[in-house]
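run_9.pdb (PDB, C-alpha atoms, pLDDT in the B column)
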ATOM      1  CA  MET A   1     -88.327  19.848 140.040  1.00 64.00           C
ATOM      2  CA  SER A   2     -87.903  16.200 139.148  1.00 82.00           C
ATOM      3  CA  ASN A   3     -86.594  15.023 135.797  1.00 85.00           C
ATOM      4  CA  ILE A   4     -89.937  13.442 134.882  1.00 86.00           C
ATOM      5  CA  MET A   5     -91.740  16.747 135.420  1.00 85.00           C
ATOM      6  CA  LYS A   6     -89.166  18.552 133.266  1.00 84.00           C
ATOM      7  CA  VAL A   7     -89.636  16.065 130.433  1.00 83.00           C
ATOM      8  CA  LEU A   8     -93.430  16.305 130.624  1.00 84.00           C
ATOM      9  CA  LEU A   9     -93.269  20.101 130.641  1.00 86.00           C
ATOM     10  CA  LEU A  10     -90.948  20.076 127.629  1.00 84.00           C
ATOM     11  CA  LEU A  11     -93.292  17.727 125.741  1.00 85.00           C
ATOM     12  CA  ALA A  12     -96.284  19.936 126.521  1.00 84.00           C
ATOM     13  CA  VAL A  13     -94.458  23.012 125.215  1.00 82.00           C
ATOM     14  CA  MET A  14     -93.440  21.168 122.025  1.00 81.00           C
ATOM     15  CA  VAL A  15     -97.034  20.100 121.361  1.00 80.00           C
ATOM     16  CA  CYS A  16     -98.302  23.657 121.837  1.00 72.00           C
ATOM     17  CA  ILE A  17     -95.682  25.088 119.478  1.00 73.00           C
ATOM     18  CA  SER A  18     -96.337  22.490 116.763  1.00 68.00           C
ATOM     19  CA  LYS A  19    -100.107  23.087 116.905  1.00 68.00           C
ATOM     20  CA  ALA A  20     -99.616  26.846 116.713  1.00 62.00           C
ATOM     21  CA  GLN A  21     -97.407  26.516 113.627  1.00 59.00           C
ATOM     22  CA  LEU A  22    -100.159  24.698 111.727  1.00 56.00           C
ATOM     23  CA  TYR A  23    -102.368  27.781 111.935  1.00 55.00           C
ATOM     24  CA  GLU A  24     -99.863  30.423 110.863  1.00 54.00           C
ATOM     25  CA  PRO A  25    -101.298  32.683 108.135  1.00 56.00           C
ATOM     26  CA  GLY A  26     -98.606  31.721 105.638  1.00 54.00           C
ATOM     27  CA  GLN A  27     -99.384  28.024 105.953  1.00 58.00           C
ATOM     28  CA  GLN A  28    -103.042  27.811 104.948  1.00 79.00           C
ATOM     29  CA  CYS A  29    -104.937  27.671 101.694  1.00 85.00           C
ATOM     30  CA  LEU A  30    -104.854  30.880  99.680  1.00 85.00           C
ATOM     31  CA  CYS A  31    -108.373  30.513  98.290  1.00 87.00           C
ATOM     32  CA  ARG A  32    -111.327  30.835 100.609  1.00 85.00           C
ATOM     33  CA  ARG A  33    -113.800  31.263  97.736  1.00 86.00           C
ATOM     34  CA  VAL A  34    -113.516  30.276  94.082  1.00 87.00           C
ATOM     35  CA  ARG A  35    -115.033  31.564  90.853  1.00 85.00           C
ATOM     36  CA  GLY A  36    -116.468  29.465  88.068  1.00 80.00           C
ATOM     37  CA  ARG A  37    -115.413  31.642  85.163  1.00 80.00           C
ATOM     38  CA  MET A  38    -112.429  33.654  84.135  1.00 81.00           C
ATOM     39  CA  ALA A  39    -112.066  37.299  83.123  1.00 83.00           C
ATOM     40  CA  PRO A  40    -111.306  38.084  79.446  1.00 85.00           C
ATOM     41  CA  ARG A  41    -107.771  37.120  78.415  1.00 82.00           C
ATOM     42  CA  SER A  42    -106.867  40.737  77.661  1.00 88.00           C
ATOM     43  CA  GLU A  43    -107.358  41.585  81.356  1.00 89.00           C
ATOM     44  CA  VAL A  44    -105.325  38.643  82.727  1.00 87.00           C
ATOM     45  CA  LYS A  45    -101.783  39.434  83.781  1.00 91.00           C
ATOM     46  CA  ASP A  46    -100.779  36.130  85.410  1.00 90.00           C
ATOM     47  CA  ILE A  47    -102.114  32.680  86.305  1.00 88.00           C
ATOM     48  CA  GLN A  48    -100.496  30.715  89.116  1.00 90.00           C
ATOM     49  CA  LEU A  49    -101.115  27.073  89.910  1.00 89.00           C
ATOM     50  CA  TYR A  50    -100.434  25.820  93.447  1.00 89.00           C
ATOM     51  CA  LYS A  51    -100.303  22.091  94.088  1.00 88.00           C
ATOM     52  CA  ALA A  52    -101.766  20.479  97.186  1.00 86.00           C
ATOM     53  CA  THR A  53     -99.449  20.433 100.210  1.00 84.00           C
ATOM     54  CA  ILE A  54     -99.596  19.250 103.788  1.00 80.00           C
ATOM     55  CA  PHE A  55    -100.937  22.672 104.777  1.00 79.00           C
ATOM     56  CA  CYS A  56    -103.589  22.915 102.053  1.00 84.00           C
ATOM     57  CA  ASN A  57    -105.016  19.721 100.591  1.00 85.00           C
ATOM     58  CA  LYS A  58    -106.429  21.279  97.404  1.00 86.00           C
ATOM     59  CA  VAL A  59    -105.067  22.480  94.102  1.00 87.00           C
ATOM     60  CA  GLU A  60    -105.422  26.260  93.846  1.00 91.00           C
ATOM     61  CA  ILE A  61    -105.471  28.425  90.719  1.00 90.00           C
ATOM     62  CA  VAL A  62    -104.901  32.135  91.349  1.00 91.00           C
ATOM     63  CA  VAL A  63    -105.557  34.630  88.546  1.00 91.00           C
ATOM     64  CA  THR A  64    -104.058  38.135  88.691  1.00 92.00           C
ATOM     65  CA  LEU A  65    -105.618  40.852  86.555  1.00 92.00           C
ATOM     66  CA  ASN A  66    -103.843  43.864  85.050  1.00 92.00           C
ATOM     67  CA  SER A  67    -105.518  45.989  87.727  1.00 92.00           C
ATOM     68  CA  GLY A  68    -103.828  43.918  90.452  1.00 91.00           C
ATOM     69  CA  PHE A  69    -107.062  42.229  91.562  1.00 91.00           C
ATOM     70  CA  ARG A  70    -106.606  38.528  92.367  1.00 92.00           C
ATOM     71  CA  TYR A  71    -109.157  35.746  92.482  1.00 92.00           C
ATOM     72  CA  CYS A  72    -109.250  31.964  92.531  1.00 93.00           C
ATOM     73  CA  LEU A  73    -110.714  29.607  89.950  1.00 91.00           C
ATOM     74  CA  ASN A  74    -112.464  26.337  90.723  1.00 89.00           C
ATOM     75  CA  PRO A  75    -110.077  23.658  89.378  1.00 86.00           C
ATOM     76  CA  THR A  76    -112.813  21.008  89.129  1.00 86.00           C
ATOM     77  CA  LEU A  77    -114.873  22.816  86.466  1.00 85.00           C
ATOM     78  CA  LYS A  78    -114.635  21.597  82.873  1.00 86.00           C
ATOM     79  CA  GLY A  79    -113.847  25.058  81.444  1.00 81.00           C
ATOM     80  CA  VAL A  80    -111.014  25.587  83.903  1.00 81.00           C
ATOM     81  CA  LYS A  81    -109.587  22.131  83.112  1.00 83.00           C
ATOM     82  CA  ASN A  82    -109.685  22.968  79.386  1.00 82.00           C
ATOM     83  CA  LEU A  83    -107.907  26.264  80.059  1.00 77.00           C
ATOM     84  CA  LEU A  84    -105.168  24.502  82.031  1.00 78.00           C
ATOM     85  CA  ALA A  85    -104.740  21.918  79.266  1.00 83.00           C
ATOM     86  CA  LYS A  86    -104.220  24.760  76.734  1.00 79.00           C
ATOM     87  CA  ILE A  87    -101.719  26.518  78.976  1.00 73.00           C
ATOM     88  CA  MET A  88     -99.659  23.385  79.576  1.00 71.00           C
TER      89      MET A  88
END

Take the structure from the file and write it as structure tokens.
Amino acid sequence: MSNIMKVLLLLAVMVCISKAQLYEPGQQCLCRRVRGRMAPRSEVKDIQLYKATIFCNKVEIVVTLNSGFRYCLNPTLKGVKNLLAKIM
């Protein structure tokens, strides 16, 4: 096989691997759906804020309840912005 063919084959493999890595489960947005309101404070165990990255271009807010149930809040809503301002 000629050197040019080897280089082209190597480039094709590199492109395939890099495209496959973009769609790994650990490298996508966590939130597929968001809620507009939050559960009562007594039921909330944890609130996590994830900034936008190259793999997910949105800010994500994940709420964990005492029961272990997790859901996402819509960060663009006024009530959620007020909540974040109080937390910070």

Matched chain/residue IDs from the PyMOL selection byres ((chain A and resi 36) around 10), as a PyMOL selection string: chain A and resi 34-35+37-38+72-80

Atomic distance atom CA of Thr64 of chain A - atom CA of Arg33 of chain A, expressed in Å with one decimal: 15.0 Å

Interatomic distance, atom CA of Met88 of chain A to atom CA of Gly68 of chain A (Å, one decimal):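 We find that atom CA of Met88 of chain A and atom CA of Gly68 of chain A lie 23.6 Å from each other.
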
Chain and number of each residue from the PyMOL selection byres ((chain A and resi 48-60) around 6), as a PyMOL selection string: chain A and resi 27-29+47+61-62

Could you turn the residues from that selection into a file that holds C-alpha atoms, as a compact mmCIF listing (two decimals), keeping the file's coordinate frame?
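Dumped everything to part-v5.txt:
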# COMPACT_ATOMS: atom_id res chain seq x y z
CA GLN A 27 -99.38 28.02 105.95
CA GLN A 28 -103.04 27.81 104.95
CA CYS A 29 -104.94 27.67 101.69
CA ILE A 47 -102.11 32.68 86.30
CA ILE A 61 -105.47 28.42 90.72
CA VAL A 62 -104.90 32.14 91.35

Atom CA of Leu30 of chain A to atom CA of Ser67 of chain A, straight-line distance in Å: 19.3 Å

Minimum-distance residue to Val63 of chain A, chosen among A:Ile4, A:Ala39, A:Ala12, A:Ile17 (using all atoms listed in the file): A:Ala39
